[in-house]
Structures are given as structure tokens and as C-alpha cells.
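S.K.: Structure supplied as upload34.txt; contents: compact mmCIF, C-alpha atoms.
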# COMPACT_ATOMS: atom_id res chain seq x y z
CA MET A 474 10.35 4.07 -18.92
CA THR A 475 11.50 0.55 -19.84
CA VAL A 476 10.44 -1.67 -22.75
CA ARG A 477 11.91 -5.15 -23.21
CA VAL A 478 10.99 -7.77 -25.82
CA GLN A 479 12.81 -11.00 -25.14
CA PRO A 480 12.62 -14.81 -25.38
CA GLU A 481 14.05 -15.28 -21.87
CA PRO A 482 11.88 -15.70 -18.78
CA PHE A 483 11.81 -12.79 -16.32
CA ASP A 484 11.38 -12.58 -12.55
CA ALA A 485 8.19 -10.55 -12.00
CA GLY A 486 8.96 -9.98 -8.30
CA ALA A 487 12.48 -8.73 -8.97
CA GLU A 488 11.17 -6.49 -11.76
CA LEU A 489 8.50 -5.06 -9.45
CA ASN A 490 11.06 -4.35 -6.73
CA GLY A 491 13.47 -2.72 -9.16
CA PHE A 492 10.71 -0.58 -10.67
CA ALA A 493 10.24 3.05 -9.56
CA GLN A 494 12.79 2.62 -6.76
CA GLY A 495 13.90 5.69 -4.88
CA ARG A 496 11.26 8.06 -6.25
CA SER A 497 9.52 10.00 -3.49
CA ASP A 498 6.74 11.22 -5.85
CA VAL A 499 5.26 7.72 -6.23
CA GLY A 500 2.34 6.69 -4.03
CA ALA A 501 0.87 3.89 -6.16
CA ILE A 502 2.37 1.05 -8.18
CA VAL A 503 0.22 -1.33 -10.22
CA SER A 504 1.55 -4.43 -11.95
CA PHE A 505 -0.01 -6.91 -14.33
CA THR A 506 1.55 -10.28 -15.07
CA GLY A 507 0.22 -12.51 -17.84
CA VAL A 508 0.79 -16.23 -17.36
CA VAL A 509 0.40 -19.18 -19.77
CA ARG A 510 -2.87 -20.74 -18.63
CA ASP A 511 -3.76 -24.35 -19.24
CA VAL A 512 -7.23 -24.15 -20.72
CA ASP A 513 -8.53 -27.74 -20.51
CA GLY A 514 -5.54 -29.61 -19.18
CA GLY A 515 -4.37 -30.22 -22.74
CA LEU A 516 -1.96 -27.34 -23.37
CA ARG A 517 1.60 -28.48 -24.11
CA GLU A 518 3.14 -25.14 -24.95
CA MET A 519 2.38 -21.60 -26.06
CA GLN A 520 4.34 -20.13 -28.97
CA ILE A 521 4.56 -16.39 -29.50
CA GLU A 522 5.62 -14.91 -32.82
CA HIS A 523 6.34 -11.20 -33.16
CA TYR A 524 7.51 -8.60 -35.67
CA PRO A 525 11.00 -7.50 -34.60
CA GLY A 526 11.42 -3.77 -34.92
CA MET A 527 7.75 -2.94 -35.18
CA THR A 528 7.08 -4.61 -31.81
CA GLU A 529 9.46 -2.37 -29.88
CA ALA A 530 8.28 0.77 -31.70
CA ALA A 531 4.58 -0.04 -31.18
CA ILE A 532 5.05 -0.72 -27.46
CA ALA A 533 7.17 2.41 -26.95
CA GLY A 534 4.45 4.48 -28.64
CA ILE A 535 1.71 3.04 -26.42
CA VAL A 536 3.81 3.52 -23.26
CA ALA A 537 4.63 7.14 -24.16
CA GLN A 538 0.91 7.80 -24.64
CA ALA A 539 0.09 6.31 -21.22
CA CYS A 540 2.91 8.23 -19.48
CA GLU A 541 1.62 11.51 -20.80
CA ARG A 542 -2.09 10.92 -20.33
CA TRP A 543 -1.79 9.74 -16.71
CA SER A 544 1.32 11.73 -15.71
CA LEU A 545 3.10 8.52 -14.78
CA ALA A 546 6.32 8.72 -12.80
CA ASP A 547 7.44 5.53 -14.57
CA ALA A 548 6.20 2.64 -16.70
CA LEU A 549 7.55 -0.81 -17.57
CA VAL A 550 6.61 -3.34 -20.25
CA ILE A 551 8.26 -6.73 -20.72
CA HIS A 552 6.90 -9.12 -23.37
CA ARG A 553 8.33 -12.51 -24.26
CA HIS A 554 8.29 -14.37 -27.56
CA GLY A 555 9.20 -17.90 -28.59
CA PRO A 556 8.04 -21.15 -26.95
CA LEU A 557 6.57 -20.78 -23.42
CA ALA A 558 5.66 -23.56 -20.97
CA VAL A 559 2.36 -23.76 -19.07
CA GLY A 560 2.58 -21.55 -15.97
CA ALA A 561 5.38 -19.42 -17.44
CA PRO A 562 5.13 -15.61 -17.39
CA ILE A 563 4.23 -14.19 -20.83
CA MET A 564 4.45 -10.49 -20.16
CA MET A 565 4.35 -7.83 -17.50
CA VAL A 566 3.23 -4.24 -17.24
CA ALA A 567 3.91 -1.89 -14.32
CA THR A 568 2.88 1.71 -13.75
CA ALA A 569 3.89 4.19 -11.04
CA ALA A 570 1.94 7.35 -10.23
CA ALA A 571 1.18 9.73 -7.38
CA HIS A 572 -2.32 8.28 -6.92
CA ARG A 573 -3.99 4.91 -7.33
CA VAL A 574 -6.59 5.85 -9.96
CA ALA A 575 -3.91 6.95 -12.46
CA ALA A 576 -1.77 3.85 -11.84
CA PHE A 577 -4.75 1.49 -12.27
CA GLU A 578 -6.15 3.18 -15.37
CA ALA A 579 -2.78 3.42 -17.09
CA ALA A 580 -2.00 -0.28 -16.49
CA ASP A 581 -5.45 -1.27 -17.75
CA PHE A 582 -5.00 0.94 -20.84
CA LEU A 583 -1.54 -0.51 -21.54
CA MET A 584 -2.91 -4.05 -21.40
CA ASP A 585 -5.81 -3.27 -23.75
CA TYR A 586 -3.50 -1.64 -26.28
CA LEU A 587 -0.71 -4.19 -26.07
CA LYS A 588 -3.23 -6.98 -26.61
CA SER A 589 -4.63 -5.58 -29.86
CA ARG A 590 -2.00 -3.17 -31.21
CA ALA A 591 1.41 -4.71 -30.53
CA PRO A 592 2.41 -7.25 -33.22
CA PHE A 593 2.39 -10.51 -31.27
CA TRP A 594 0.60 -13.70 -32.28
CA LYS A 595 -0.08 -16.62 -29.97
CA LYS A 596 -0.23 -20.25 -31.04
CA GLU A 597 -1.44 -22.93 -28.67
CA VAL A 598 0.11 -26.38 -28.99
CA THR A 599 -2.29 -28.87 -27.41
CA VAL A 600 -2.51 -32.65 -27.28
CA ASN A 601 -4.81 -32.30 -30.32
CA GLY A 602 -2.47 -30.20 -32.46
CA ALA A 603 -1.45 -26.57 -32.86
CA GLU A 604 -3.77 -23.62 -33.41
CA TRP A 605 -3.37 -19.86 -33.72
CA VAL A 606 -5.31 -18.01 -31.03
CA ALA A 607 -8.12 -15.98 -32.62
CA ALA A 608 -8.46 -12.32 -31.68
CA LYS A 609 -11.53 -11.64 -29.54
CA ASP A 610 -14.07 -8.97 -30.44
CA ALA A 611 -14.11 -8.08 -26.74
CA ASP A 612 -10.41 -7.16 -26.90
CA GLU A 613 -10.98 -4.85 -29.83
CA ASP A 614 -14.05 -3.36 -28.14
CA ALA A 615 -12.01 -2.74 -24.99
CA LEU A 616 -10.02 -0.07 -26.87
CA ASN A 617 -13.14 2.07 -27.18
CA ARG A 618 -13.08 2.66 -23.43
CA TRP A 619 -10.08 4.98 -23.77
CA MET B 176 -6.65 -16.13 0.28
CA THR B 177 -4.23 -14.34 2.57
CA VAL B 178 -4.79 -11.33 4.85
CA ARG B 179 -1.97 -9.89 6.95
CA VAL B 180 -2.05 -6.81 9.19
CA GLN B 181 1.41 -6.08 10.54
CA PRO B 182 3.82 -3.33 11.64
CA GLU B 183 6.76 -4.96 9.81
CA PRO B 184 7.79 -3.99 6.27
CA PHE B 185 7.14 -6.55 3.54
CA ASP B 186 8.90 -7.41 0.29
CA ALA B 187 6.37 -6.69 -2.48
CA GLY B 188 8.39 -8.60 -5.10
CA ALA B 189 8.74 -11.70 -2.94
CA GLU B 190 5.03 -11.54 -2.08
CA LEU B 191 4.12 -11.26 -5.77
CA ASN B 192 6.31 -14.24 -6.65
CA GLY B 193 4.92 -16.35 -3.83
CA PHE B 194 1.34 -15.48 -4.77
CA ALA B 195 -0.78 -17.87 -6.85
CA GLN B 196 2.24 -20.10 -7.50
CA GLY B 197 1.68 -23.45 -9.17
CA ARG B 198 -1.92 -22.83 -10.21
CA SER B 199 -2.50 -23.65 -13.87
CA ASP B 200 -5.92 -21.92 -13.90
CA VAL B 201 -4.40 -18.45 -13.51
CA GLY B 202 -3.75 -16.33 -16.59
CA ALA B 203 -3.71 -12.87 -15.01
CA ILE B 204 -2.18 -11.45 -11.83
CA VAL B 205 -2.65 -7.82 -10.80
CA SER B 206 -0.87 -6.21 -7.87
CA PHE B 207 -1.19 -2.83 -6.22
CA THR B 208 1.44 -1.46 -3.85
CA GLY B 209 0.82 1.70 -1.84
CA VAL B 210 3.93 3.67 -0.90
CA VAL B 211 4.44 6.56 1.56
CA ARG B 212 4.66 9.56 -0.76
CA ASP B 213 6.42 12.76 0.20
CA VAL B 214 3.89 15.43 -0.63
CA ASP B 215 5.91 18.67 -0.57
CA GLY B 216 9.31 17.50 0.54
CA GLY B 217 8.24 18.05 4.16
CA LEU B 218 7.00 14.62 5.24
CA ARG B 219 8.99 13.12 8.12
CA GLU B 220 6.90 10.04 8.76
CA MET B 221 3.48 8.49 8.26
CA GLN B 222 1.73 6.92 11.23
CA ILE B 223 -1.06 4.41 10.79
CA GLU B 224 -3.47 3.56 13.57
CA HIS B 225 -5.89 0.66 13.27
CA TYR B 226 -8.58 -1.22 15.20
CA PRO B 227 -7.15 -4.67 16.01
CA GLY B 228 -9.71 -7.39 15.49
CA MET B 229 -12.10 -5.31 13.42
CA THR B 230 -9.36 -4.64 10.84
CA GLU B 231 -8.75 -8.29 10.07
CA ALA B 232 -12.48 -9.09 9.99
CA ALA B 233 -13.32 -6.14 7.73
CA ILE B 234 -10.54 -7.00 5.26
CA ALA B 235 -11.46 -10.69 5.22
CA GLY B 236 -15.08 -9.74 4.46
CA ILE B 237 -14.08 -7.48 1.58
CA VAL B 238 -11.69 -10.08 0.15
CA ALA B 239 -14.33 -12.84 0.34
CA GLN B 240 -16.76 -10.59 -1.54
CA ALA B 241 -14.17 -9.93 -4.29
CA CYS B 242 -13.24 -13.63 -4.59
CA GLU B 243 -16.85 -14.59 -5.15
CA ARG B 244 -17.86 -11.73 -7.45
CA TRP B 245 -14.86 -12.12 -9.80
CA SER B 246 -14.27 -15.89 -9.36
CA LEU B 247 -10.72 -15.20 -8.23
CA ALA B 248 -8.29 -18.09 -8.03
CA ASP B 249 -6.57 -16.27 -5.17
CA ALA B 250 -6.32 -12.89 -3.42
CA LEU B 251 -3.80 -11.29 -1.07
CA VAL B 252 -3.99 -8.23 1.19
CA ILE B 253 -1.14 -6.97 3.37
CA HIS B 254 -1.59 -3.72 5.33
CA ARG B 255 0.90 -2.21 7.74
CA HIS B 256 0.31 -0.06 10.81
CA GLY B 257 2.60 1.96 13.08
CA PRO B 258 5.24 4.50 12.00
CA LEU B 259 6.30 4.34 8.31
CA ALA B 260 9.18 6.17 6.61
CA VAL B 261 8.90 8.08 3.33
CA GLY B 262 9.20 5.62 0.43
CA ALA B 263 8.18 2.65 2.57
CA PRO B 264 5.45 0.26 1.40
CA ILE B 265 2.12 0.85 3.20
CA MET B 266 0.05 -1.96 1.82
CA MET B 267 -0.35 -4.39 -1.03
CA VAL B 268 -3.20 -6.10 -2.83
CA ALA B 269 -2.88 -8.92 -5.36
CA THR B 270 -5.53 -10.78 -7.35
CA ALA B 271 -5.27 -13.86 -9.57
CA ALA B 272 -7.90 -14.83 -12.14
CA ALA B 273 -8.27 -16.67 -15.43
CA HIS B 274 -8.61 -13.40 -17.38
CA ARG B 275 -7.27 -9.87 -17.08
CA VAL B 276 -10.58 -8.01 -16.73
CA ALA B 277 -11.52 -9.92 -13.57
CA ALA B 278 -8.06 -9.50 -12.04
CA PHE B 279 -8.02 -5.74 -12.73
CA GLU B 280 -11.56 -5.07 -11.53
CA ALA B 281 -11.16 -7.11 -8.36
CA ALA B 282 -7.91 -5.33 -7.41
CA ASP B 283 -9.51 -1.94 -8.10
CA PHE B 284 -12.56 -2.90 -5.98
CA LEU B 285 -10.37 -4.15 -3.12
CA MET B 286 -8.45 -0.86 -3.06
CA ASP B 287 -11.63 1.24 -3.04
CA TYR B 288 -13.14 -0.77 -0.21
CA LEU B 289 -9.98 -1.04 1.88
CA LYS B 290 -9.50 2.71 1.65
CA SER B 291 -12.92 3.60 3.03
CA ARG B 292 -14.15 0.53 4.92
CA ALA B 293 -11.15 -0.99 6.69
CA PRO B 294 -10.46 0.75 10.04
CA PHE B 295 -7.11 2.44 9.38
CA TRP B 296 -6.29 6.08 10.02
CA LYS B 297 -3.27 7.89 8.61
CA LYS B 298 -1.43 10.72 10.34
CA GLU B 299 1.21 12.71 8.52
CA VAL B 300 4.11 14.03 10.56
CA THR B 301 5.64 16.92 8.63
CA VAL B 302 8.22 19.58 9.43
CA ASN B 303 5.24 21.76 10.45
CA GLY B 304 3.66 19.29 12.85
CA ALA B 305 1.37 16.27 12.76
CA GLU B 306 -2.04 16.06 11.12
CA TRP B 307 -4.64 13.33 10.58
CA VAL B 308 -5.27 12.73 6.89
CA ALA B 309 -8.85 13.73 6.00
CA ALA B 310 -11.02 11.25 4.10
CA LYS B 311 -11.67 12.36 0.54
CA ASP B 312 -15.18 12.57 -0.90
CA ALA B 313 -13.74 11.01 -4.07
CA ASP B 314 -12.79 7.88 -2.12
CA GLU B 315 -16.30 7.50 -0.74
CA ASP B 316 -17.77 8.19 -4.19
CA ALA B 317 -15.51 5.51 -5.70
CA LEU B 318 -17.51 2.86 -3.82
CA ASN B 319 -20.58 3.67 -5.89
CA ARG B 320 -18.86 2.24 -8.95
CA TRP B 321 -19.29 -1.31 -7.64
CA MET C 1114 -19.80 -1.81 27.79
CA ASN C 1115 -16.34 -1.19 26.35
CA VAL C 1116 -16.13 2.13 24.49
CA MET C 1117 -13.15 2.69 22.16
CA TYR C 1118 -11.83 5.83 20.49
CA PHE C 1119 -9.50 6.03 17.51
CA ALA C 1120 -7.43 8.68 15.68
CA TRP C 1121 -8.36 12.27 16.57
CA VAL C 1122 -11.40 11.13 18.58
CA ARG C 1123 -8.96 9.27 20.85
CA GLU C 1124 -6.69 12.32 21.02
CA ARG C 1125 -9.51 14.71 21.95
CA ILE C 1126 -10.96 12.45 24.63
CA GLY C 1127 -7.46 11.58 25.83
CA ILE C 1128 -7.90 7.84 26.32
CA PRO C 1129 -8.03 4.89 23.87
CA HIS C 1130 -10.90 3.07 25.61
CA GLU C 1131 -12.95 2.95 28.80
CA THR C 1132 -15.70 0.95 30.42
CA VAL C 1133 -18.99 2.84 30.43
CA ASP C 1134 -22.05 1.95 32.50
CA SER C 1135 -25.03 3.16 30.54
CA ASP C 1136 -28.67 2.38 29.84
CA ALA C 1137 -28.56 4.33 26.56
CA ALA C 1138 -30.97 2.77 24.08
CA THR C 1139 -29.12 3.90 20.96
CA VAL C 1140 -25.69 5.10 19.90
CA ALA C 1141 -27.03 8.67 19.75
CA ASP C 1142 -28.25 8.38 23.36
CA LEU C 1143 -24.80 7.17 24.43
CA VAL C 1144 -23.16 10.09 22.62
CA ALA C 1145 -25.51 12.51 24.44
CA GLU C 1146 -24.54 10.98 27.80
CA LEU C 1147 -20.81 11.27 27.02
CA VAL C 1148 -21.11 14.85 25.72
CA ALA C 1149 -22.86 15.84 28.99
CA ARG C 1150 -19.91 14.51 31.00
CA GLU C 1151 -16.98 16.76 30.13
CA ASP C 1152 -15.76 19.30 27.57
CA ARG C 1153 -13.30 16.85 25.97
CA TYR C 1154 -16.21 14.56 25.03
CA ALA C 1155 -18.20 17.54 23.75
CA ALA C 1156 -15.18 18.50 21.62
CA ALA C 1157 -14.82 14.98 20.20
CA PHE C 1158 -18.53 14.64 19.39
CA ALA C 1159 -19.13 18.24 18.26
CA ASP C 1160 -19.99 17.07 14.74
CA VAL C 1161 -21.19 13.47 14.64
CA SER C 1162 -21.61 13.69 10.85
CA ALA C 1163 -17.78 13.66 10.76
CA LEU C 1164 -17.72 10.43 12.79
CA ARG C 1165 -18.28 6.74 12.26
CA VAL C 1166 -19.36 4.14 14.79
CA ALA C 1167 -18.84 0.39 15.00
CA LEU C 1168 -20.86 -1.95 17.23
CA ASP C 1169 -19.04 -5.16 18.12
CA GLN C 1170 -16.61 -4.38 15.27
CA GLU C 1171 -19.21 -3.84 12.58
CA LEU C 1172 -20.01 -0.43 11.10
CA ALA C 1173 -23.40 0.86 12.30
CA ALA C 1174 -25.60 3.96 12.23
CA PHE C 1175 -25.96 6.47 15.09
CA ASP C 1176 -29.59 5.47 15.58
CA ALA C 1177 -28.69 1.77 15.97
CA PRO C 1178 -29.87 0.12 19.24
CA LEU C 1179 -27.27 -0.80 21.87
CA ALA C 1180 -29.11 -3.79 23.34
CA GLY C 1181 -26.67 -6.69 23.71
CA VAL C 1182 -23.70 -4.71 22.39
CA ARG C 1183 -20.42 -5.25 24.26
CA GLU C 1184 -18.07 -2.98 22.30
CA VAL C 1185 -18.75 0.46 20.82
CA ALA C 1186 -16.05 2.27 18.83
CA PHE C 1187 -16.03 5.89 17.63
CA PHE C 1188 -13.64 7.13 14.95
CA PRO C 1189 -13.32 9.48 11.98
CA PRO C 1190 -13.87 8.17 8.41
CA MET C 1191 -11.21 5.60 7.50
CA THR C 1192 -8.17 6.58 5.47
CA GLY C 1193 -6.32 3.33 4.84
CA GLY C 1194 -5.01 1.90 1.60
CA MET D 1157 9.87 -3.82 -51.73
CA ASN D 1158 10.20 -6.25 -48.82
CA VAL D 1159 6.96 -8.13 -48.11
CA MET D 1160 6.63 -9.93 -44.78
CA TYR D 1161 4.11 -12.50 -43.54
CA PHE D 1162 3.35 -13.45 -39.95
CA ALA D 1163 1.46 -16.17 -38.08
CA TRP D 1164 -0.97 -18.18 -40.24
CA VAL D 1165 -0.45 -15.84 -43.22
CA ARG D 1166 3.22 -16.89 -43.16
CA GLU D 1167 2.24 -20.55 -42.81
CA ARG D 1168 -0.19 -20.46 -45.74
CA ILE D 1169 2.22 -18.66 -48.06
CA GLY D 1170 5.09 -20.82 -46.82
CA ILE D 1171 7.78 -18.13 -46.45
CA PRO D 1172 8.38 -15.40 -43.84
CA HIS D 1173 9.31 -12.67 -46.33
CA GLU D 1174 10.24 -12.02 -49.93
CA THR D 1175 11.30 -9.20 -52.23
CA VAL D 1176 8.48 -8.21 -54.56
CA ASP D 1177 8.87 -6.06 -57.67
CA SER D 1178 5.58 -4.28 -58.13
CA ASP D 1179 4.07 -1.06 -59.42
CA ALA D 1180 0.94 -1.55 -57.32
CA ALA D 1181 -0.46 1.83 -56.30
CA THR D 1182 -2.16 0.62 -53.10
CA VAL D 1183 -2.01 -2.28 -50.67
CA ALA D 1184 -5.19 -3.68 -52.24
CA ASP D 1185 -3.52 -3.62 -55.69
CA LEU D 1186 -0.51 -5.47 -54.29
CA VAL D 1187 -2.79 -8.10 -52.72
CA ALA D 1188 -4.54 -8.58 -56.12
CA GLU D 1189 -1.14 -9.14 -57.77
CA LEU D 1190 -0.09 -11.68 -55.14
CA VAL D 1191 -3.44 -13.54 -55.26
CA ALA D 1192 -3.09 -13.88 -59.06
CA ARG D 1193 0.29 -15.58 -58.64
CA GLU D 1194 -0.44 -18.88 -56.91
CA ASP D 1195 -3.06 -20.72 -54.87
CA ARG D 1196 -1.13 -20.36 -51.60
CA TYR D 1197 -1.41 -16.56 -51.89
CA ALA D 1198 -5.08 -16.84 -52.82
CA ALA D 1199 -5.56 -19.00 -49.69
CA ALA D 1200 -3.76 -16.50 -47.45
CA PHE D 1201 -5.67 -13.49 -48.78
CA ALA D 1202 -9.07 -15.19 -49.21
CA ASP D 1203 -10.64 -12.87 -46.60
CA VAL D 1204 -8.73 -9.58 -46.23
CA SER D 1205 -11.19 -8.43 -43.57
CA ALA D 1206 -9.47 -11.03 -41.34
CA LEU D 1207 -6.07 -9.45 -42.03
CA ARG D 1208 -4.07 -6.43 -40.95
CA VAL D 1209 -1.33 -4.64 -42.85
CA ALA D 1210 1.62 -2.53 -41.73
CA LEU D 1211 3.57 -0.17 -43.99
CA ASP D 1212 7.12 0.48 -42.82
CA GLN D 1213 6.09 -0.96 -39.43
CA GLU D 1214 3.01 1.21 -38.93
CA LEU D 1215 -0.55 -0.12 -39.11
CA ALA D 1216 -2.29 1.04 -42.30
CA ALA D 1217 -5.48 0.50 -44.30
CA PHE D 1218 -5.79 -1.70 -47.40
CA ASP D 1219 -6.48 1.35 -49.57
CA ALA D 1220 -3.28 3.09 -48.41
CA PRO D 1221 -0.85 4.15 -51.19
CA LEU D 1222 2.45 2.26 -51.52
CA ALA D 1223 4.52 5.14 -52.94
CA GLY D 1224 7.85 5.29 -51.09
CA VAL D 1225 7.08 2.28 -48.91
CA ARG D 1226 9.99 -0.14 -48.39
CA GLU D 1227 8.39 -2.76 -46.14
CA VAL D 1228 4.87 -4.20 -46.27
CA ALA D 1229 3.73 -6.75 -43.67
CA PHE D 1230 0.56 -8.87 -43.67
CA PHE D 1231 -0.72 -10.64 -40.56
CA PRO D 1232 -3.87 -11.64 -38.65
CA PRO D 1233 -5.20 -9.43 -35.82
CA MET D 1234 -2.72 -9.30 -32.94
CA THR D 1235 -3.15 -11.52 -29.91
CA GLY D 1236 -0.42 -10.44 -27.51
CA GLY D 1237 -0.64 -9.51 -23.86
Rewrite the structure from the file as C-alpha cells, please.

M.R.:
Amino acid sequence: MTVRVQPEPFDAGAELNGFAQGRSDVGAIVSFTGVVRDVDGGLREMQIEHYPGMTEAAIAGIVAQACERWSLADALVIHRHGPLAVGAPIMMVATAAAHRVAAFEAADFLMDYLKSRAPFWKKEVTVNGAEWVAAKDADEDALNRW
Amino acid sequence: MTVRVQPEPFDAGAELNGFAQGRSDVGAIVSFTGVVRDVDGGLREMQIEHYPGMTEAAIAGIVAQACERWSLADALVIHRHGPLAVGAPIMMVATAAAHRVAAFEAADFLMDYLKSRAPFWKKEVTVNGAEWVAAKDADEDALNRW
Amino acid sequence: MNVMYFAWVRERIGIPHETVDSDAATVADLVAELVAREDRYAAAFADVSALRVALDQELAAFDAPLAGVREVAFFPPMTGG
Amino acid sequence: MNVMYFAWVRERIGIPHETVDSDAATVADLVAELVAREDRYAAAFADVSALRVALDQELAAFDAPLAGVREVAFFPPMTGG
């Protein structure tokens, strides 16, 4: 189980290849990569603020929950903070399990919980100024699935 | 949209990095990698037979359906055939969309359909002999979700 | 008409494909003709509910008509992914 | 007690954290004390239903007691992932 919170970019492909290597009990690996998306062609930069200390603890708690509930062989979460360019990777989740259903569900669960329970805040800097991204009701509702 | 059916191994990390590159409309990328899993420490090799021609057409049909239903920016399917060693990658699916729900659902759908509707057959060669893998009712049932 | 066999169907019949001259109206009629031929066909088609069929590379039902079909394939349920 | 502010709460109050001497029994009492101080606090806490609070780095409710708490953090709903 790996959790990293960092300002530096990461190489999603290299992380995927390094993940769950050499385990013969793994049949399914799911990864999610979040990327800075240009909404209307006007995004200059995304800024991510976080709460050092609480961030790592909150993510570790969510990952431990997922590992137990879906009997994961391994799990990985990387989340960046600081200024991010359009097209840059924001974060990544990977899960490894014996079967595909567990790997898919656990990755989906991790994303829902990270989105609404890990202390990160996104600010979009556009050609028209900077604005904090508002939380979506749908993201909060998504937690009720689990 | 990319579909490849091949005996050669592939590099899941390199495929993930090459996928959906340079598209500013993508916020979410999900990948699934299937790996030859050693069930009881007795697996020598996995053999995959397929139906050349029908395989490519069936996969392309399933991918086109997913792209339309979830408005995917891009989708990738790689599936191997022939003899595969324990721990080797069997196949890979990747989806790219604006938002995470679409990317997750489309990848999940692709896996369910590839498993039961693309003409591949797995044979496990163990220390006790060779046996064709039986289709699971759960895999057929999974299609009813969509 | 080209008839193809995959996985354990291929192994039981002993060949991957063959050309069959038949006036069978449906897939089920063709299966009946093959079963009547030899024990290895009877063994392969003993339980058609355990089998799938594709006509010209598209999945079909056992009561589907064969008119105009060039390629018939018999195989067990798929297990890819 | 160390009080921290994040995202637009931090921007409205103008500082990322401060040491607050308070006998407030609950988070809500502490918020009332801060709001009474200056307009920038009143602006930040105008609608507490739009805010979240963490006590010693764990999410808590606004009626949670502050006894023994060393670090209180106020912030809008999270938007990571």
C-alpha cells in the first residue's frame, strides 16, 4: 500500500508498471488517472491547496478501508498539490485484486472518498480570473453507494 | 479508438501513457489490466485460443457501443492469444472521458462484454494436466447490468 | 460451407475446420447431420445448450436459417478478458 | 489552540492560521467568538452550512466539544480527486 502527496508530476505509466509487480495472486489491476481538463478553452492553470498532515492520514484511512473491504493485494494513491498546467496529471489511484469486480469497485470507492473526504481544494485560474471549484452534490451523493 | 489482438506481450504502462495524449477534453482515464493469476501454485501456463476475424469485429463493435453510450474521448483494447506465462498481462482496456463516472462505467462495461462476447477461450495448463476454463454464470449475469 | 470448431469442440471433433456440403435449413439441422456422421461429432454436440454458434462471424441462435451463410462456427461460451 | 483556515475561508480571513485563546466549549461557540471579532471573520463564517471543520485533523461536527483539542481547521467542502 502506497500513499504519496506531492507537488511534483508523476509518470502514470511507470507507476502502473511498478505497481503490484511480482505478485502471483493478482489477476486484475485497475487504475484511474485524473487530468487537468480545459473546460472552455480558457483555463490557464489549476491550483490545489491541501492540509498537510491531515491529507496523508485521511487518504491512508480510506485506502486501509478499501484494502480490507475488497481484500486487495495492493493499492496506490498519488495526489498532487500546488499549481498544475492544463493536461497535467492531478492524481492517480490503482488497485490490485484476484478478480476484476473487486479491483473495479475498490478503485471507484477510493475515487468517491478521495474526492469528498480528503482535504484538497481546487482553484481554477481562467482568462477571466480565479475561482474556487464548488463541491458537487453528486460527489457527496456518490458516497451513499458504498 | 484502438483495438489490437496479438500474441506478443505489451507494456501496460507505455500503453497508458500513449493513450489519450494531448487531448484537453479528457479529465479521467481508467485502465484495466488482466494478468495470468496462479490459482493454487500449480499453473504452468495459460493458453488462449481465438477466432481470427470475428475477434477483431466483435471487439470493435463493443468499443463503438461504449464510445457512443459514454461519449468517450478515446478507448483502447488490447487482447493477447497463444501461450501466456504466469504473471504475464492477458489484456488491457483503457477509457478516456471528461468525467470519472463515464470513464469507470465504460471500462467496466467493456470488461463485462469482452469476457462473454468476444471469441476467446482460455485453457489452463497445470501440474495436473490441461483444462478449458468454464464460463461463469456470474459473467453472463454481469451483462444484465448494462 | 466452411464449418469451424474452437476450444474443446475442436478437440473433440479433432479438426479446426472443414468444408461441409449440406442442404440443412437451420443450424440445428446442420448439427443433426454432423451428429449422425460419427461418434466424435456426437460427443462434441452432446449438449448444445453448452455451445454457442456464429454465422459469418456473428453470434446466432441454433434455430437460425443457414440460407446464404458461408461460415458456421461452433464453440463453448467465451472466456476472454 | 491553533486555528487553521483553508481555501476561500483562508482568503476571506486573510491568514492561514493563528493561535486563539478561547474557553469556547464547542466549535459553534468558537465560531461565534471569531465572528464577533471583525468583519472578515463574519464574512468567512456567514454560512456555516457551507463549511467543514476538523478537530486535530479529523472531520467533526459544529456542535463537537473543544475540550483537549489542540488544532481546529475550517474549510469549504473538499474538491480533490

S.K.: CA of Val210 (chain B) and CA of Val478 (chain A) are how many Å apart?

M.R.: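 Computing it gives 28.3 Å between the two atoms.
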
S.K.: Can you check which residues of chain A have any atom within 8 Å of chain B? Use all atoms listed in the file and format it as a ChimeraX atom specification.

M.R.: /A:484-490,495-512,559-560,571,573,577,581

S.K.: Axis-aligned box over every listed atom of region 486-494 of chain A, padded by 6 Å per side: centre and edges in Å to one decimal, as JSON?

M.R.:
{"center_x": 11.0, "center_y": -3.5, "center_z": -9.2, "size_x": 17.0, "size_y": 25.0, "size_z": 17.0}

S.K.: Could you name the residues that touch Ala310 (chain B) at 8 Å or less, counting all atoms listed in the file, but leaving out those on the same chain fewer than 4 positions away, as a VMD selection string?

M.R.: (chain B and resid 291 314) or (chain C and resid 1190 to 1192)

S.K.: Would you work out the distance separating CA of Val1204 (chain D) from CA of Phe1218 (chain D), expressed in Å to one decimal?

M.R.: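 Answer for the CA of Val1204 (chain D) to CA of Phe1218 (chain D) separation: 8.5 Å.
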
S.K.: Give me, as a tab-separated table, each residue of chain C that comes within 8 Å of chain B, together with its shortest interatomic pair and the distance in Å at one decimal, counting all atoms listed in the file, with rows ordered by chain and rising residue number.

M.R.:
residue	atom	partner	partner_atom	distance
C:Phe1119	CA	B:Glu224	CA	7.6
C:Ala1120	CA	B:Trp296	CA	6.3
C:Trp1121	CA	B:Trp307	CA	7.1
C:Gln1170	CA	B:Met229	CA	5.0
C:Glu1171	CA	B:Met229	CA	7.3
C:Pro1190	CA	B:Ala310	CA	6.0
C:Met1191	CA	B:Ser291	CA	5.2
C:Thr1192	CA	B:Trp296	CA	4.9
C:Gly1193	CA	B:Lys290	CA	4.5
C:Gly1194	CA	B:Lys290	CA	4.6

S.K.: Can you tell me, as an mmCIF file with C-alpha atoms, in the coordinates of the input, what residues are no more than 7 Å from Arg1168 (chain D) when counting all atoms listed in the file, ignoring any on the same chain fewer than 5 positions away?

M.R.:
data_model
loop_
_atom_site.group_PDB
_atom_site.id
_atom_site.type_symbol
_atom_site.label_atom_id
_atom_site.label_comp_id
_atom_site.auth_asym_id
_atom_site.auth_seq_id
_atom_site.Cartn_x
_atom_site.Cartn_y
_atom_site.Cartn_z
ATOM 1 C CA ARG D 1196 -1.130 -20.360 -51.600
ATOM 2 C CA ALA D 1199 -5.560 -19.000 -49.690
ATOM 3 C CA ALA D 1200 -3.760 -16.500 -47.450
#

S.K.: Compare C:Val1133, C:Leu1164, C:Ala1186, C:Ile1126 by their minimum atom-to-atom distance to Glu1151 (chain C), counting only C-alpha atoms, and give me the closest one.

M.R.: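 Under the stated criterion, the closest residue is C:Ile1126.
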
S.K.: Using CA of Ala546 (chain A) and CA of Gly534 (chain A) as the two end points, give the distance in Å to one decimal.

M.R.: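 These two atoms are separated by 16.5 Å.
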